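For reference, the structure is listed below as structure tokens.
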Protein chains: 2
Amino acid sequence: MKLYNYFRSSASFRVRIALELKGLPYDYVPVHLAKGEHLQPHYAAVSPTRLVPTLVNDAQERLGQSMAIIEYLDEVYPQPALLPTDAVGRAQVRALAQLVACEIHPLNNLRVLKYLVREIGVSEDAKNSWYRHWVRVGLEAFEAELAQLPPSTYCWGETPTLADCCLVPQIFNGQRFGADFSGLPRTMAAFEACMQLPAFQKAQPSSCPDNEP
Amino acid sequence: MKLYNYFRSSASFRVRIALELKGLPYDYVPVHLAKGEHLQPHYAAVSPTRLVPTLVNDAQERLGQSMAIIEYLDEVYPQPALLPTDAVGRAQVRALAQLVACEIHPLNNLRVLKYLVREIGVSEDAKNSWYRHWVRVGLEAFEAELAQLPPSTYCWGETPTLADCCLVPQIFNGQRFGADFSGLPRTMAAFEACMQLPAFQKAQPSSCPDNEP
């Protein structure tokens, strides 16, 4: 398999975690988002949406959107499972993942921050306030959801799930912008537990071949 | 089952479509987002995230996030299926749904538009440009993905899927803001095909008990 991705992209990081958790080897193909490589013709041939990541499977089929890719991996390579076996548990894990992927991350990715600065003309301060606002509001909702669930080591249960694949990159991303993580005990405990695991360590930006310190 | 929702909420509309496609009866509980009812204590007791929609199933379990709810319904009430049977097809449908739910809608929902106006002080024009920009960029990506798939009546294949549940509310939403839908032949053909079906008609905002013309 081949993963077109970028060390700093949260959505790429999610998929790298899933691949590592399942012990699946893959070719790492860097696409430098900050340099606009995703907008070059050679990447358009890989991904018509120009978005990162793209997974190309062994049958040369091209898959986009990080949560869809992770669900695909979980269906084709079921062990270790990244979703619970019962329908309500699966819905809870997917909802947690979507709280990050639909409520926080879309507001904070590179192209949105660029639009705020270039098209709307917001100051660096206003951009950072925007960033921190949505991370904070989103993680408070995430924490409120976790507080309704039974005690657990990870976001849901005693093994990492799709929810952890989404949470951890969001925390990394937030750390770069100085987001406020106080008063989020279960969220941060799940993050810390994940970061003890080699799979999360191997997937993190600083372990990537295209990492820029 | 009980669905806490709002006639104009795109995420609510997605779930209403899925419920109608499956012929599942439900109690419609309106939560008036524009009046801030989702921030009142009685709704916090239903949904700790304060987000709409929330589905409460017959076992009184509470489920959030529209795509997670639809996947739950598809697992518990499998007919008619809202996802293909093969893993790649499922990944393609989920990716289309996520193109709407992770790339377009989060930038355009009410709380984000409010933040732009109240906190950043953008003009009505700049707000509308922001809105139309992300709808356009997102739908162009959606169209580019559809163009890679075999010809189909709906977004994917000959029956409506999760992708259609997400696309149709986004088109309705875009229509309210005068978004540009030109040059999106497959996207708009799928939309038109969906709107021929009673399930989509019954789920649309103008059919809701809390509709305000």
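In the structure tokens, chains take the letters A, B, ... in the order shown, each chain's residues start at 1, and ligands count up from 1 in the order shown.
For stretch 32-48 of chain B, the list of residues within 7 Å, based on only C-alpha atoms and with local chain neighbours fewer than 6 positions off taken out, reads Ala141, Ala144 and Glu145 of chain A; Tyr6 and Thr54 of chain B.
Contact shell of A:Asp58 at 10 Å (only C-alpha atoms; same-chain neighbours under 3 positions omitted): A:Met1, A:Lys2, A:Tyr26, A:Leu55, A:Glu61, A:Arg62.
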Could you please take those selected residues and save C-alpha atoms as a short mmCIF file (atom, residue, chain, number, x, y, z; two decimals), in the first residue's frame?
```cif
data_model
loop_
_atom_site.label_atom_id
_atom_site.label_comp_id
_atom_site.auth_asym_id
_atom_site.auth_seq_id
_atom_site.Cartn_x
_atom_site.Cartn_y
_atom_site.Cartn_z
CA MET A 1 0.00 0.00 0.00
CA LYS A 2 1.00 3.57 -0.59
CA TYR A 26 3.18 1.04 3.53
CA LEU A 55 -4.33 5.61 0.29
CA GLU A 61 -7.56 1.46 -5.89
CA ARG A 62 -7.41 5.01 -4.59
#
```
Excluding stretch 82-84 of chain A and any residue of its chain fewer than 3 positions from it, enumerate the residues within 7 Å of it, using only C-alpha atoms, and give them as JSON, numbers by chain.
{"A": [74, 89, 90, 93, 160, 161, 162]}
Got time to write the residues from that selection, N, CA, C and O atoms, as a PDB file, in the first residue's frame?
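Produced file selection-v2.pdb, reproduced below:
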```pdb
ATOM      1  N   ASP A  74     -10.108  -1.207   8.644  1.00  0.00           N
ATOM      2  CA  ASP A  74     -10.681  -2.026   9.706  1.00  0.00           C
ATOM      3  C   ASP A  74     -11.541  -3.167   9.137  1.00  0.00           C
ATOM      4  O   ASP A  74     -11.648  -4.227   9.752  1.00  0.00           O
ATOM      5  N   GLY A  89     -21.892   0.919  20.660  1.00  0.00           N
ATOM      6  CA  GLY A  89     -20.485   1.248  20.878  1.00  0.00           C
ATOM      7  C   GLY A  89     -19.840   1.806  19.620  1.00  0.00           C
ATOM      8  O   GLY A  89     -19.079   2.785  19.673  1.00  0.00           O
ATOM      9  N   ARG A  90     -20.131   1.205  18.492  1.00  0.00           N
ATOM     10  CA  ARG A  90     -19.581   1.697  17.225  1.00  0.00           C
ATOM     11  C   ARG A  90     -20.052   3.135  16.968  1.00  0.00           C
ATOM     12  O   ARG A  90     -19.270   3.994  16.560  1.00  0.00           O
ATOM     13  N   VAL A  93     -18.121   5.530  19.227  1.00  0.00           N
ATOM     14  CA  VAL A  93     -16.747   5.776  18.758  1.00  0.00           C
ATOM     15  C   VAL A  93     -16.762   6.651  17.509  1.00  0.00           C
ATOM     16  O   VAL A  93     -15.979   7.606  17.389  1.00  0.00           O
ATOM     17  N   PRO A 160      -7.144   1.086  21.733  1.00  0.00           N
ATOM     18  CA  PRO A 160      -7.357   2.288  20.924  1.00  0.00           C
ATOM     19  C   PRO A 160      -8.375   2.029  19.803  1.00  0.00           C
ATOM     20  O   PRO A 160      -8.452   0.926  19.269  1.00  0.00           O
ATOM     21  N   THR A 161      -9.135   3.055  19.494  1.00  0.00           N
ATOM     22  CA  THR A 161     -10.156   2.973  18.448  1.00  0.00           C
ATOM     23  C   THR A 161      -9.985   4.130  17.465  1.00  0.00           C
ATOM     24  O   THR A 161      -9.110   4.997  17.639  1.00  0.00           O
ATOM     25  N   LEU A 162     -10.871   4.144  16.483  1.00  0.00           N
ATOM     26  CA  LEU A 162     -10.967   5.257  15.540  1.00  0.00           C
ATOM     27  C   LEU A 162     -11.003   6.612  16.266  1.00  0.00           C
ATOM     28  O   LEU A 162     -10.457   7.605  15.768  1.00  0.00           O
TER      29      LEU A 162
END
```
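Among A:Glu20, A:Pro169, A:Ser152, A:Pro185, the residue with the shortest atom-to-atom distance to A:Leu197, counting only C-alpha atoms, is A:Glu20.
Taking the backbone of this structure through DSSP, the residues of stretch 27-203 of chain A that come out as strand (DSSP E or B) are A:Asp27, A:Tyr28, A:Val29, A:Pro30, A:Thr54, A:Leu55, A:Val56, A:Arg62, A:Leu63, A:Gly64.
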If you run DSSP on this backbone, which residues of stretch 45-204 of chain B come out as alpha helix (DSSP H), and could you give them as a VMD selection string?
chain B and resid 66 to 76 87 to 98 105 to 108 110 to 118 124 to 146 162 to 176 185 to 195 198 to 203
Chain A contacts to chain B at 7 Å (only C-alpha atoms) as a PyMOL selection string:
chain A and resi 48-49+63-65+68-69+72+75+87+91-92+94-95+98+101-103+106-107+141+144-145
